[in-house]
Structure formats: structure tokens, C-alpha cells
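A.B. asks: Handing over work_3.txt, compact mmCIF, C-alpha atoms and all ligand atoms.
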```
# COMPACT_ATOMS: atom_id res chain seq x y z
CA MET X 1 -124.66 -77.23 61.44
CA VAL X 2 -121.70 -76.76 59.08
CA PRO X 3 -121.57 -79.68 56.66
CA ASP X 4 -118.46 -81.83 56.90
CA VAL X 5 -116.96 -81.28 53.44
CA THR X 6 -114.51 -84.15 53.89
CA SER X 7 -117.26 -86.73 54.42
CA ASP X 8 -118.04 -89.27 51.71
CA PRO X 9 -121.22 -88.13 49.91
CA LEU X 10 -122.06 -91.72 49.02
CA ALA X 11 -121.54 -93.25 52.48
CA TRP X 12 -125.30 -93.64 52.94
CA LEU X 13 -125.33 -95.98 49.95
CA ASP X 14 -122.94 -98.28 51.84
CA ASP X 15 -125.41 -98.36 54.75
CA HIS X 16 -128.26 -99.27 52.39
CA ALA X 17 -126.14 -101.95 50.73
CA ALA X 18 -125.18 -103.45 54.11
CA THR X 19 -128.86 -103.70 55.07
CA ARG X 20 -129.66 -105.47 51.82
CA VAL X 21 -126.75 -107.90 52.23
CA THR X 22 -127.96 -108.79 55.74
CA ALA X 23 -131.51 -109.36 54.46
CA GLY X 24 -130.28 -111.58 51.59
CA LEU X 25 -131.60 -109.01 49.10
CA ARG X 26 -128.45 -107.75 47.35
CA ARG X 27 -128.90 -107.89 43.58
CA GLN X 28 -126.21 -108.45 41.02
CA LEU X 29 -125.94 -108.22 37.27
CA ARG X 30 -124.63 -111.42 35.72
CA PRO X 31 -123.59 -110.75 32.12
CA ARG X 32 -124.20 -113.69 29.80
CA ALA X 33 -121.22 -114.75 27.73
CA ALA X 34 -121.95 -115.31 24.04
CA GLY X 35 -122.40 -119.01 23.31
CA SER X 36 -122.89 -119.81 27.00
CA PRO X 37 -124.00 -123.44 27.40
CA ALA X 38 -126.62 -122.63 30.04
CA LEU X 39 -130.08 -124.15 29.76
CA ASP X 40 -132.29 -121.05 29.83
CA LEU X 41 -135.31 -121.40 32.12
CA ALA X 42 -135.33 -117.80 33.27
CA SER X 43 -135.86 -115.63 30.21
CA ASN X 44 -139.07 -114.39 28.62
CA ASP X 45 -138.11 -115.80 25.21
CA TYR X 46 -141.27 -117.93 25.46
CA LEU X 47 -141.41 -119.02 21.85
CA GLY X 48 -137.65 -119.48 21.55
CA LEU X 49 -137.56 -117.04 18.63
CA THR X 50 -134.80 -114.63 19.75
CA ARG X 51 -132.18 -116.46 17.68
CA HIS X 52 -134.53 -117.65 14.93
CA PRO X 53 -132.90 -116.97 11.53
CA GLU X 54 -136.02 -115.24 10.21
CA VAL X 55 -136.22 -112.95 13.24
CA ARG X 56 -132.53 -112.07 12.96
CA ALA X 57 -133.01 -111.43 9.25
CA GLY X 58 -135.99 -109.19 10.00
CA ALA X 59 -133.85 -107.07 12.30
CA ILE X 60 -130.92 -106.94 9.86
CA GLU X 61 -133.11 -106.04 6.89
CA ALA X 62 -134.72 -103.20 8.90
CA VAL X 63 -131.30 -101.86 9.90
CA ARG X 64 -130.18 -101.99 6.25
CA ARG X 65 -133.24 -100.05 5.18
CA TRP X 66 -133.53 -97.52 8.02
CA GLY X 67 -130.26 -97.48 9.93
CA ALA X 68 -129.54 -98.27 13.57
CA GLY X 69 -131.77 -95.75 15.26
CA SER X 70 -135.20 -94.29 14.56
CA THR X 71 -133.64 -90.76 14.62
CA GLY X 72 -136.37 -88.94 16.55
CA SER X 73 -139.58 -89.04 18.51
CA ARG X 74 -142.59 -90.65 16.86
CA LEU X 75 -144.20 -87.29 16.05
CA VAL X 76 -141.07 -85.87 14.42
CA THR X 77 -138.91 -88.33 12.43
CA GLY X 78 -139.21 -91.53 14.51
CA THR X 79 -142.12 -93.14 12.65
CA THR X 80 -141.18 -95.23 9.63
CA THR X 81 -143.62 -97.01 7.36
CA ASP X 82 -142.46 -100.22 9.10
CA HIS X 83 -143.64 -98.85 12.47
CA GLU X 84 -147.09 -98.35 10.98
CA LEU X 85 -147.08 -101.79 9.38
CA LEU X 86 -146.17 -103.37 12.73
CA GLU X 87 -148.98 -101.45 14.43
CA GLY X 88 -151.49 -102.69 11.89
CA GLU X 89 -150.23 -106.27 12.13
CA LEU X 90 -150.34 -106.30 15.94
CA ALA X 91 -153.85 -104.87 15.94
CA GLU X 92 -155.06 -107.35 13.36
CA PHE X 93 -153.46 -110.29 15.20
CA THR X 94 -154.92 -109.42 18.60
CA GLY X 95 -158.33 -108.43 17.18
CA PHE X 96 -158.34 -104.68 17.85
CA PRO X 97 -158.97 -101.85 15.38
CA ALA X 98 -155.72 -100.00 16.06
CA GLY X 99 -152.28 -100.20 17.63
CA LEU X 100 -149.56 -97.82 18.71
CA VAL X 101 -145.96 -98.90 19.26
CA PHE X 102 -143.83 -97.61 22.15
CA SER X 103 -140.14 -98.06 22.90
CA SER X 104 -140.90 -100.61 25.65
CA GLY X 105 -143.80 -102.33 27.36
CA TYR X 106 -142.98 -100.20 30.37
CA ALA X 107 -143.39 -97.03 28.32
CA ALA X 108 -146.61 -98.38 26.76
CA ASN X 109 -148.11 -98.87 30.23
CA LEU X 110 -146.98 -95.46 31.49
CA GLY X 111 -148.24 -93.78 28.33
CA ALA X 112 -151.61 -95.53 28.18
CA VAL X 113 -152.49 -95.15 31.86
CA THR X 114 -151.45 -91.52 32.19
CA ALA X 115 -153.31 -90.64 28.98
CA LEU X 116 -156.51 -92.43 30.03
CA ALA X 117 -156.62 -91.38 33.69
CA GLY X 118 -155.57 -88.14 35.35
CA ARG X 119 -156.47 -85.73 38.09
CA GLY X 120 -160.15 -86.15 38.86
CA SER X 121 -160.40 -89.77 37.72
CA LEU X 122 -160.20 -93.08 39.57
CA ILE X 123 -157.84 -95.98 38.86
CA VAL X 124 -158.65 -99.37 40.36
CA SER X 125 -155.60 -101.60 40.13
CA ASP X 126 -155.17 -105.27 41.02
CA ALA X 127 -152.72 -105.69 43.91
CA GLY X 128 -150.57 -107.98 41.75
CA CYS X 129 -150.13 -105.64 38.76
CA HIS X 130 -146.67 -105.25 37.25
CA ALA X 131 -144.39 -102.49 38.57
CA SER X 132 -144.83 -100.50 35.36
CA LEU X 133 -148.57 -100.22 36.04
CA VAL X 134 -147.85 -99.32 39.66
CA ASP X 135 -145.55 -96.53 38.49
CA ALA X 136 -148.13 -95.47 35.90
CA CYS X 137 -150.71 -95.06 38.70
CA ARG X 138 -148.32 -92.84 40.63
CA LEU X 139 -147.56 -90.69 37.59
CA SER X 140 -151.19 -90.30 36.58
CA ARG X 141 -152.24 -88.16 39.58
CA ALA X 142 -155.56 -90.01 39.57
CA ARG X 143 -156.99 -91.34 42.82
CA VAL X 144 -155.70 -94.90 43.02
CA ALA X 145 -157.54 -97.73 44.78
CA ILE X 146 -155.81 -101.11 45.05
CA ALA X 147 -158.19 -104.06 44.76
CA PRO X 148 -157.26 -107.41 46.33
CA HIS X 149 -155.69 -109.79 43.82
CA ARG X 150 -158.15 -111.18 41.23
CA ASN X 151 -161.17 -109.88 43.11
CA SER X 152 -163.75 -108.48 40.69
CA THR X 153 -166.32 -108.05 43.47
CA ALA X 154 -163.97 -105.62 45.21
CA VAL X 155 -163.39 -103.83 41.89
CA ALA X 156 -167.19 -103.47 41.47
CA ARG X 157 -167.52 -102.01 44.97
CA LEU X 158 -164.74 -99.49 44.38
CA LEU X 159 -166.25 -98.42 41.06
CA ALA X 160 -169.76 -98.15 42.54
CA ASP X 161 -168.57 -96.01 45.46
CA ARG X 162 -166.69 -93.49 43.31
CA SER X 163 -167.45 -89.83 42.89
CA GLU X 164 -165.23 -89.49 39.81
CA GLU X 165 -166.80 -89.63 36.35
CA HIS X 166 -163.93 -91.45 34.63
CA ALA X 167 -162.56 -94.72 35.96
CA LEU X 168 -159.89 -97.07 34.64
CA VAL X 169 -159.42 -100.64 35.88
CA LEU X 170 -155.93 -102.15 35.56
CA THR X 171 -154.92 -105.78 35.52
CA ASP X 172 -152.26 -108.05 34.08
CA SER X 173 -153.80 -110.89 32.06
CA VAL X 174 -151.09 -113.28 33.26
CA PHE X 175 -149.47 -112.09 36.48
CA SER X 176 -145.72 -112.10 36.13
CA ALA X 177 -144.64 -113.46 39.51
CA ASP X 178 -147.24 -116.24 40.00
CA GLY X 179 -148.25 -116.89 36.39
CA ASP X 180 -151.93 -116.89 37.42
CA LEU X 181 -154.75 -115.43 35.29
CA ALA X 182 -157.00 -112.41 35.75
CA PRO X 183 -160.79 -113.00 35.89
CA LEU X 184 -161.26 -111.05 32.65
CA THR X 185 -164.89 -112.01 31.95
CA GLU X 186 -166.01 -110.81 35.39
CA LEU X 187 -163.83 -107.70 35.25
CA HIS X 188 -165.27 -106.74 31.88
CA ARG X 189 -168.83 -107.19 33.13
CA VAL X 190 -168.04 -104.99 36.14
CA VAL X 191 -166.38 -102.34 33.96
CA ARG X 192 -169.36 -102.28 31.61
CA ASP X 193 -171.87 -102.09 34.48
CA HIS X 194 -170.01 -99.16 36.01
CA ASN X 195 -169.17 -97.24 32.84
CA ALA X 196 -165.40 -97.57 33.17
CA LEU X 197 -162.51 -98.76 30.97
CA LEU X 198 -160.45 -101.93 31.39
CA LEU X 199 -156.72 -101.93 30.59
CA VAL X 200 -155.18 -105.39 30.38
CA ASP X 201 -151.40 -105.89 30.32
CA GLU X 202 -150.85 -108.93 28.07
CA ALA X 203 -147.05 -108.98 28.46
CA HIS X 204 -147.13 -112.66 29.49
CA GLY X 205 -150.34 -113.60 27.65
CA LEU X 206 -149.40 -112.71 24.07
CA GLY X 207 -147.96 -115.68 22.20
CA VAL X 208 -148.90 -118.08 25.00
CA ARG X 209 -152.67 -117.90 25.65
CA GLY X 210 -155.51 -117.57 23.16
CA HIS X 211 -156.01 -118.98 19.68
CA GLY X 212 -152.58 -119.16 18.03
CA GLY X 213 -151.12 -117.02 20.83
CA ARG X 214 -153.51 -114.08 20.39
CA GLY X 215 -153.62 -113.56 24.13
CA LEU X 216 -155.99 -114.10 27.04
CA VAL X 217 -158.18 -111.15 26.01
CA GLN X 218 -158.88 -112.90 22.69
CA GLU X 219 -159.39 -116.22 24.52
CA THR X 220 -161.96 -114.56 26.78
CA GLY X 221 -163.85 -113.10 23.80
CA LEU X 222 -163.03 -109.51 24.65
CA ALA X 223 -160.87 -108.61 21.64
CA GLY X 224 -162.15 -105.49 19.93
CA GLU X 225 -164.48 -104.41 22.75
CA PRO X 226 -164.38 -100.59 22.79
CA ASP X 227 -164.02 -100.42 26.58
CA VAL X 228 -161.00 -102.76 26.59
CA ILE X 229 -157.44 -101.55 26.01
CA VAL X 230 -154.56 -104.00 25.79
CA THR X 231 -150.87 -103.36 26.32
CA VAL X 232 -148.21 -105.79 25.13
CA THR X 233 -144.47 -106.04 25.15
CA LEU X 234 -142.50 -107.03 22.06
CA SER X 235 -139.69 -108.33 24.26
CA LYS X 236 -141.11 -111.68 25.40
CA ALA X 237 -142.94 -113.94 22.94
CA LEU X 238 -142.12 -111.57 20.07
CA ALA X 239 -138.40 -111.90 20.77
CA ALA X 240 -137.55 -108.25 20.12
CA GLN X 241 -137.85 -105.09 22.21
CA GLY X 242 -140.58 -102.50 22.55
CA GLY X 243 -144.24 -102.35 23.49
CA ALA X 244 -147.64 -101.47 22.08
CA VAL X 245 -151.12 -100.35 23.04
CA LEU X 246 -154.06 -101.93 21.22
CA GLY X 247 -157.59 -100.59 21.20
CA ASP X 248 -160.12 -98.42 19.45
CA GLU X 249 -158.98 -95.90 16.80
CA ARG X 250 -160.05 -93.09 19.17
CA VAL X 251 -157.77 -94.51 21.86
CA ARG X 252 -154.86 -94.50 19.42
CA ALA X 253 -155.56 -90.91 18.35
CA HIS X 254 -155.84 -89.82 22.00
CA LEU X 255 -152.51 -91.47 22.84
CA ILE X 256 -150.81 -89.81 19.88
CA ASP X 257 -152.07 -86.47 21.23
CA THR X 258 -151.32 -87.02 24.91
CA ALA X 259 -149.15 -90.04 25.82
CA ARG X 260 -145.96 -88.49 27.13
CA THR X 261 -143.88 -91.66 26.82
CA MET X 262 -144.60 -91.60 23.10
CA ILE X 263 -144.36 -87.87 22.51
CA PHE X 264 -141.13 -87.30 24.43
CA ASP X 265 -139.41 -90.61 23.76
CA THR X 266 -137.42 -91.63 20.69
CA GLY X 267 -139.31 -93.99 18.41
CA LEU X 268 -138.66 -97.72 18.62
CA ALA X 269 -135.42 -98.74 16.88
CA PRO X 270 -135.91 -100.18 13.38
CA ALA X 271 -134.17 -103.47 14.28
CA ALA X 272 -136.76 -104.12 16.98
CA VAL X 273 -139.60 -103.30 14.59
CA GLY X 274 -138.19 -105.69 11.97
CA ALA X 275 -137.60 -108.47 14.49
CA ALA X 276 -141.08 -108.19 16.02
CA ARG X 277 -142.72 -108.25 12.59
CA ALA X 278 -140.79 -111.41 11.70
CA ALA X 279 -141.71 -113.08 15.02
CA LEU X 280 -145.36 -112.24 14.46
CA ARG X 281 -145.17 -113.82 10.99
CA ILE X 282 -143.76 -117.01 12.51
CA LEU X 283 -146.45 -117.06 15.19
CA ARG X 284 -149.18 -116.73 12.53
CA ARG X 285 -147.66 -119.60 10.57
CA ASP X 286 -147.36 -121.89 13.58
CA PRO X 287 -150.40 -121.59 15.88
CA GLY X 288 -149.03 -124.54 17.87
CA LEU X 289 -146.26 -122.43 19.44
CA GLY X 290 -148.44 -121.13 22.32
CA PRO X 291 -149.84 -124.57 23.25
CA ARG X 292 -146.27 -125.97 23.17
CA VAL X 293 -145.15 -123.37 25.74
CA LEU X 294 -147.99 -124.43 28.05
CA ALA X 295 -147.14 -128.11 27.60
CA ARG X 296 -143.47 -127.49 28.48
CA ALA X 297 -144.55 -125.41 31.51
CA ALA X 298 -146.61 -128.40 32.68
CA ASP X 299 -143.50 -130.61 32.25
CA ILE X 300 -141.38 -128.22 34.34
CA ALA X 301 -144.05 -128.07 37.07
CA ARG X 302 -144.17 -131.88 37.23
CA ILE X 303 -140.39 -132.05 37.66
CA ALA X 304 -140.54 -129.37 40.38
CA GLY X 305 -143.45 -131.05 42.20
CA VAL X 306 -145.72 -128.00 41.93
CA ALA X 307 -149.18 -127.47 40.40
CA ALA X 308 -149.45 -127.22 36.60
CA PRO X 309 -149.51 -123.54 35.64
CA ASP X 310 -151.91 -121.62 33.37
CA SER X 311 -149.05 -119.81 31.64
CA ALA X 312 -145.35 -120.10 30.86
CA VAL X 313 -144.46 -119.06 34.41
CA VAL X 314 -143.71 -121.79 36.98
CA PRO X 315 -143.22 -120.34 40.47
CA ILE X 316 -141.55 -122.56 43.07
CA ILE X 317 -142.09 -120.87 46.44
CA LEU X 318 -139.27 -121.43 48.92
CA GLY X 319 -140.10 -118.67 51.43
CA ASP X 320 -136.76 -117.37 52.63
CA PRO X 321 -134.84 -115.02 50.27
CA GLN X 322 -131.41 -116.52 51.03
CA THR X 323 -132.67 -120.06 50.43
CA ALA X 324 -134.13 -118.99 47.08
CA HIS X 325 -130.93 -117.17 46.18
CA ASP X 326 -128.76 -120.18 47.09
CA ALA X 327 -130.99 -122.59 45.18
CA ALA X 328 -130.82 -120.41 42.05
CA HIS X 329 -127.05 -120.12 42.46
CA THR X 330 -126.61 -123.91 42.69
CA CYS X 331 -128.68 -124.37 39.51
CA ARG X 332 -126.58 -121.77 37.70
CA GLU X 333 -123.35 -123.44 38.80
CA GLN X 334 -124.64 -126.45 36.88
CA ASP X 335 -125.51 -124.39 33.80
CA VAL X 336 -129.25 -124.23 34.42
CA GLU X 337 -130.38 -120.62 34.42
CA VAL X 338 -133.44 -120.05 36.63
CA GLY X 339 -135.08 -116.89 37.91
CA CYS X 340 -135.08 -115.91 41.57
CA PHE X 341 -137.72 -113.46 42.81
CA ARG X 342 -137.38 -111.90 46.25
CA PRO X 343 -139.02 -108.92 47.99
CA PRO X 344 -139.88 -106.27 46.89
CA SER X 345 -140.71 -108.05 43.61
CA VAL X 346 -142.85 -110.54 45.58
CA PRO X 347 -144.44 -110.36 49.08
CA GLU X 348 -142.30 -111.12 52.18
CA GLY X 349 -142.05 -114.85 52.90
CA THR X 350 -142.71 -115.87 49.29
CA SER X 351 -139.21 -115.73 47.82
CA ARG X 352 -139.08 -118.21 45.02
CA LEU X 353 -137.44 -119.75 42.05
CA ARG X 354 -139.28 -118.65 38.96
CA LEU X 355 -138.86 -120.90 35.97
CA THR X 356 -140.22 -120.03 32.55
CA ALA X 357 -141.03 -122.45 29.77
CA ARG X 358 -140.02 -122.12 26.13
CA ALA X 359 -141.73 -123.73 23.14
CA ASP X 360 -138.40 -125.14 21.95
CA LEU X 361 -137.39 -127.05 25.11
CA THR X 362 -136.36 -130.61 24.20
CA PRO X 363 -136.72 -133.90 26.14
CA ALA X 364 -132.93 -133.70 26.73
CA ASP X 365 -133.38 -130.22 28.29
CA LEU X 366 -136.05 -131.61 30.61
CA ASP X 367 -133.74 -134.50 31.60
CA THR X 368 -131.01 -131.99 32.44
CA LEU X 369 -133.49 -129.99 34.50
CA THR X 370 -134.58 -133.08 36.42
CA LYS X 371 -130.96 -133.98 37.29
CA VAL X 372 -130.15 -130.48 38.51
CA LEU X 373 -133.39 -129.18 40.00
CA VAL X 374 -134.69 -132.14 41.98
CA PRO X 375 -131.71 -132.35 44.41
CA VAL X 376 -131.56 -128.55 44.70
CA LEU X 377 -135.24 -128.40 45.69
CA THR X 378 -134.92 -131.30 48.13
CA HIS X 379 -132.10 -129.45 49.88
CA ALA X 380 -133.90 -126.08 49.80
CA ARG X 381 -137.19 -127.47 51.07
CA ASN X 382 -135.37 -129.15 53.98
CA SER X 383 -133.69 -125.91 54.96
CA THR X 384 -136.60 -123.45 54.79
CA THR X 385 -140.17 -123.08 55.91
CA VAL X 386 -142.44 -123.03 52.92
CA PRO X 387 -145.49 -120.94 53.76
CA ALA X 388 -148.79 -122.83 53.65
N1 LIG F 401 -145.72 -105.67 32.01
C1 LIG F 401 -145.37 -106.86 32.50
C2 LIG F 401 -146.42 -107.72 33.13
C3 LIG F 401 -144.04 -107.28 32.44
O1 LIG F 401 -143.67 -108.45 32.96
C4 LIG F 401 -143.08 -106.43 31.83
C5 LIG F 401 -141.62 -106.82 31.69
N2 LIG F 401 -141.05 -107.49 32.69
C6 LIG F 401 -143.49 -105.19 31.36
C7 LIG F 401 -144.82 -104.84 31.44
C8 LIG F 401 -142.52 -104.23 30.76
O2 LIG F 401 -142.24 -104.58 29.44
P1 LIG F 401 -140.84 -104.17 28.78
O3 LIG F 401 -139.82 -105.09 29.33
O4 LIG F 401 -141.08 -104.31 27.32
O5 LIG F 401 -140.59 -102.76 29.18
```
Is it possible to express this structure as C-alpha cells?
Ligand code: PMP

C.D. replies:
Amino acid sequence: MVPDVTSDPLAWLDDHAATRVTAGLRRQLRPRAAGSPALDLASNDYLGLTRHPEVRAGAIEAVRRWGAGSTGSRLVTGTTTDHELLEGELAEFTGFPAGLVFSSGYAANLGAVTALAGRGSLIVSDAGCHASLVDACRLSRARVAIAPHRNSTAVARLLADRSEEHALVLTDSVFSADGDLAPLTELHRVVRDHNALLLVDEAHGLGVRGHGGRGLVQETGLAGEPDVIVTVTLSKALAAQGGAVLGDERVRAHLIDTARTMIFDTGLAPAAVGAARAALRILRRDPGLGPRVLARAADIARIAGVAAPDSAVVPIILGDPQTAHDAAHTCREQDVEVGCFRPPSVPEGTSRLRLTARADLTPADLDTLTKVLVPVLTHARNSTTVPA
């Protein structure tokens, strides 16, 4: 057939968009205006450090010293002495021998997984793992088996039944949509019994769980174990941008040799390095920050009438995507910024508001939340079927 050269080459995008509108799944960017009065209960700024004077000063000082960009990939010109200091400080804080910084948590996960598992190896991944780990599995070319959520018995079975020599088990420590915790003790036992490695994504655990915010891996007593590898983001509790992999020195050396998202990506910008180092200093000084996040999350859950969470994440399941969208919209109209998760980020029928706690929330903030959220939830719960 001769192609119709007059036809609109992007018409199929309109069809896709129409389908998403009908399903209540259209997504929109909503730029924040500087100085916006909104009460933020949607961000990942768990410790409230993004605007902290010391964190800003850390970023500014690094820009003064190094300039705006890192100028090259890590192996060429993109590693400054500050990158190496940050790596050492992150490793020391979390209890691992070595660290390697990436330009995002996403890149850290892609780099670590694809370097540690490839053709001829097995990856066993929790069904609730973050999208970056899902994408990492796809890129790795390993055989991928998805284990039911938080089910270490299923992980053991999959590892026992394998024919591959190398196996890597993937889990988030704190799952991002539900805020629930991985069974790390059991997973580590299983990994050890079956001669595999365990990679734990601590994006939502660092700064919140563990002694002084050292993460759930530290809390579980697994920090420094040679068969455990941790990935973190610098963009949540550490108030900056970037990611890191923490583990044995041999893991770091292997990633420097093979992790494509480090080798072929420009090094992390100096401002982010400086900001993350400053945030880490603050966290060391104030070990109460993590517990305060959990206490504020419990306050938010009480206001919302849902169970107290184990992390900063408070999910409020509403079921229907449009109901969740409308509820979030009504909160925003009243200057309360809340998250709204719909498929494919969460399973069908579990669309939700997702509120996140910050260590610096005040009693006045919680009063505001009560005034806005309670009527919104009453309305939403009357107009939707909440799954059992
Ligand atoms: N892992 C998890 C569990 C996350 O929630 C995120 C960010 N949403 C990432 C990894 C990616 O981190 P970054 O934003 O630094 O790329």
C-alpha cells in the first residue's frame, strides 16, 4: 500500500491520549511556582532539608570550587575529590566498605543490576520493586523470575530450582507505593543458603529507618555483609540529586569496570555532591530526624483514618483512578499538595492518594491537613468502592 504522505504522523498519539483520558489516566506536569504556599505532603524531601541553609551552602560552595557541571564521565574528567569524599561518607554512614556515586538512583539501579547479572544468570525480583529495578531486569538479559510481594519462601524456591550459577535477588527495603517493608532477615538467609547476592534499594529507607537514618539494612543487622549490595538515591532524604551503590570493595571495582550507566554517563554535578554531603552531615548531627519522620507519618495516618505506616509513605487507597485524581485535585485547590498514584504505577483498582511525611511538619501543618483532607476523603469514600 502506498503510504498517505498527507496523513498526520502523530495521529496515533491522539488515539492513545483519548484512551487515557477515558480511563482517567491522563498525566499532567504541574510546575511549582517559587514561594508557592502549598503544604507539601507529596515530595520525597523526607527530612525537610532541600531548603536548609547548610545544604544550599554545600551546593553553592561546590559550584564555586568546581563549576556547574562535572565536565565528563566518571572515568574521564567527571570524578572530583568531592565525589570520592561523598562515596566514602555514604559508605561509612551506611556501614559498607565502599560506595560509588551515580547521576541518579535510577542509574545506580540500572548500573548495579546489569553489572551483577547478565546472560546466563538468574534475577529473582519482588513483584513490588521500583520501575528502575524492573527496567534493570529487562536490560540485564538475565532470566528474570518475579516473586510474589514480600515472599521469601517463593524466592527460596526459585533460587533452589535454578540451573544458573549466579543469582541476584532484588527488593526495595521500603516499597515506594505502599510504604511497606521487605523481609530482609529472611531474604538474606535465603540468599546465603542458595549462594546468591541480595540487592536492596534503600531509596525510601535511607534517612528514615535504622539508627540515625542509616537505613533498613543497617536496622536489620545486614550492613557490611559481603553478599548484600545497597542502592540509594540522594534525591529524597539527602535533599539533592543522584544515587549510589554501597557494598564490598570488589563490587565497587567491578562496577567501575562494567556499569554502563557510570561509564557512559556524565558524572554527578558538583552542586548535587556538595548538597548531599551537607545533608549527610546534618543527618549525622541529628539522629532524631528519621524517628521524627515516622512520628509525623503516624500523625498523617491517624488524620486519614488508615493504619500507621512503617515508613514516611502513607497510602490512602480509594480504588478508582478518577476518584483518586479528583480527591488530589481538591486538596491542591486548597494548597495541600498530595500524591496521586494510578495504574500502571500501582495495580488496577488500587488508585490512591499517597501522602509523604516530613520531619519538619508542624502542628499547624497537621491542623491544615485535617481541615482539608477529612472532608475530601469522606466525599471520595462515599463515591467509590474501596477494595477490601
Ligand atoms: N528506587 C526507588 C524505590 C525510587 O522510589 C526511586 C525514585 N522515585 C528511584 C529508585 C530512582 O531514584 P532517582 O529519582 O534518584 O533516580

A.B. asks: So the first atom is CA of Leu133 (chain X) and the second is CA of Ile256 (chain X); what is the distance between them in Å, to one decimal place?

C.D. replies: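 Interatomic distance here is 19.4 Å.
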
A.B. asks: Pick the closest to Arg358 (chain X) from X:Pro148, X:Gly212, X:Gly48, X:Gly72: which is it, counting all atoms listed in the file?

C.D. replies: X:Gly48

A.B. asks: 10 Å from ligand LIG 401 (chain F) is the threshold here; counting only C-alpha atoms and all ligand atoms, which polymer residues fall inside it? Answer as a PDB file with C-alpha atoms, in the frame of the given file.

C.D. replies:
```
ATOM      1  CA  SER X  43    -135.860-115.630  30.210  1.00  0.00           C
ATOM      2  CA  ASN X  44    -139.070-114.390  28.620  1.00  0.00           C
ATOM      3  CA  PHE X 102    -143.830 -97.610  22.150  1.00  0.00           C
ATOM      4  CA  SER X 103    -140.140 -98.060  22.900  1.00  0.00           C
ATOM      5  CA  SER X 104    -140.900-100.610  25.650  1.00  0.00           C
ATOM      6  CA  GLY X 105    -143.800-102.330  27.360  1.00  0.00           C
ATOM      7  CA  TYR X 106    -142.980-100.200  30.370  1.00  0.00           C
ATOM      8  CA  ALA X 107    -143.390 -97.030  28.320  1.00  0.00           C
ATOM      9  CA  ALA X 108    -146.610 -98.380  26.760  1.00  0.00           C
ATOM     10  CA  ASN X 109    -148.110 -98.870  30.230  1.00  0.00           C
ATOM     11  CA  LEU X 110    -146.980 -95.460  31.490  1.00  0.00           C
ATOM     12  CA  GLY X 128    -150.570-107.980  41.750  1.00  0.00           C
ATOM     13  CA  CYS X 129    -150.130-105.640  38.760  1.00  0.00           C
ATOM     14  CA  HIS X 130    -146.670-105.250  37.250  1.00  0.00           C
ATOM     15  CA  ALA X 131    -144.390-102.490  38.570  1.00  0.00           C
ATOM     16  CA  SER X 132    -144.830-100.500  35.360  1.00  0.00           C
ATOM     17  CA  LEU X 133    -148.570-100.220  36.040  1.00  0.00           C
ATOM     18  CA  THR X 171    -154.920-105.780  35.520  1.00  0.00           C
ATOM     19  CA  ASP X 172    -152.260-108.050  34.080  1.00  0.00           C
ATOM     20  CA  SER X 173    -153.800-110.890  32.060  1.00  0.00           C
ATOM     21  CA  VAL X 174    -151.090-113.280  33.260  1.00  0.00           C
ATOM     22  CA  PHE X 175    -149.470-112.090  36.480  1.00  0.00           C
ATOM     23  CA  SER X 176    -145.720-112.100  36.130  1.00  0.00           C
ATOM     24  CA  ALA X 177    -144.640-113.460  39.510  1.00  0.00           C
ATOM     25  CA  GLY X 179    -148.250-116.890  36.390  1.00  0.00           C
ATOM     26  CA  VAL X 200    -155.180-105.390  30.380  1.00  0.00           C
ATOM     27  CA  ASP X 201    -151.400-105.890  30.320  1.00  0.00           C
ATOM     28  CA  GLU X 202    -150.850-108.930  28.070  1.00  0.00           C
ATOM     29  CA  ALA X 203    -147.050-108.980  28.460  1.00  0.00           C
ATOM     30  CA  HIS X 204    -147.130-112.660  29.490  1.00  0.00           C
ATOM     31  CA  GLY X 205    -150.340-113.600  27.650  1.00  0.00           C
ATOM     32  CA  THR X 231    -150.870-103.360  26.320  1.00  0.00           C
ATOM     33  CA  VAL X 232    -148.210-105.790  25.130  1.00  0.00           C
ATOM     34  CA  THR X 233    -144.470-106.040  25.150  1.00  0.00           C
ATOM     35  CA  LEU X 234    -142.500-107.030  22.060  1.00  0.00           C
ATOM     36  CA  SER X 235    -139.690-108.330  24.260  1.00  0.00           C
ATOM     37  CA  LYS X 236    -141.110-111.680  25.400  1.00  0.00           C
ATOM     38  CA  ALA X 240    -137.550-108.250  20.120  1.00  0.00           C
ATOM     39  CA  GLN X 241    -137.850-105.090  22.210  1.00  0.00           C
ATOM     40  CA  GLY X 242    -140.580-102.500  22.550  1.00  0.00           C
ATOM     41  CA  GLY X 243    -144.240-102.350  23.490  1.00  0.00           C
ATOM     42  CA  ALA X 244    -147.640-101.470  22.080  1.00  0.00           C
TER      43      ALA X 244
END
```

A.B. asks: Which residues, written as a ChimeraX atom specification, have at least one atom at most 8 Å from region 362-379 of chain X, with only C-alpha atoms counted and residues fewer than 2 positions away on the same chain left out?

C.D. replies: /X:39,299-300,303-304,327,330-331,334,336,360,381-383

A.B. asks: Counting all atoms listed in the file, note down every residue that has an atom within 9 Å of the point (-152.9, -91.4, 35.8) (file coordinates), as a list in words.

C.D. replies: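 Applying the cut-off with all atoms listed in the file, one gets Leu110, Ala112, Val113, Thr114, Ala115, Leu116, Ala117, Gly118, Arg119, Ser121, Leu122, Ile123, Ala136, Cys137, Arg138, Leu139, Ser140, Arg141, Ala142, Arg143 and Val144 of chain X.
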
A.B. asks: From the list X:Leu268, X:Leu75, X:Leu47, X:Val313, which residue is nearest Leu361 (chain X) when using all atoms listed in the file?

C.D. replies: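 Residue with the minimum atom-to-atom distance to Leu361 (chain X): X:Leu47.
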
A.B. asks: What is the distance, in Å and to one decimal place, between CA of Ala223 (chain X) and CA of Ala196 (chain X)?

C.D. replies: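 Here the two named atoms are 16.6 Å from each other.
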
A.B. asks: For Arg260 (chain X), which residue among X:Leu353, X:Ala297, X:Gly111, X:Val190 is the nearest when counting all atoms listed in the file?

C.D. replies: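 Of X:Leu353, X:Ala297, X:Gly111, X:Val190, the one nearest Arg260 (chain X) is X:Gly111, counting all atoms listed in the file.
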
A.B. asks: Taking all atoms listed in the file into account, name the residue in X:Ala279, X:Arg284, X:Ala127, X:Ala42 that is nearest to Leu355 (chain X).

C.D. replies: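 Closest to Leu355 (chain X), using all atoms listed in the file: X:Ala42.
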
A.B. asks: Record the distance separating CA of Gly305 (chain X) and CA of Val338 (chain X), expressed in Å with one decimal.

C.D. replies: 15.9 Å
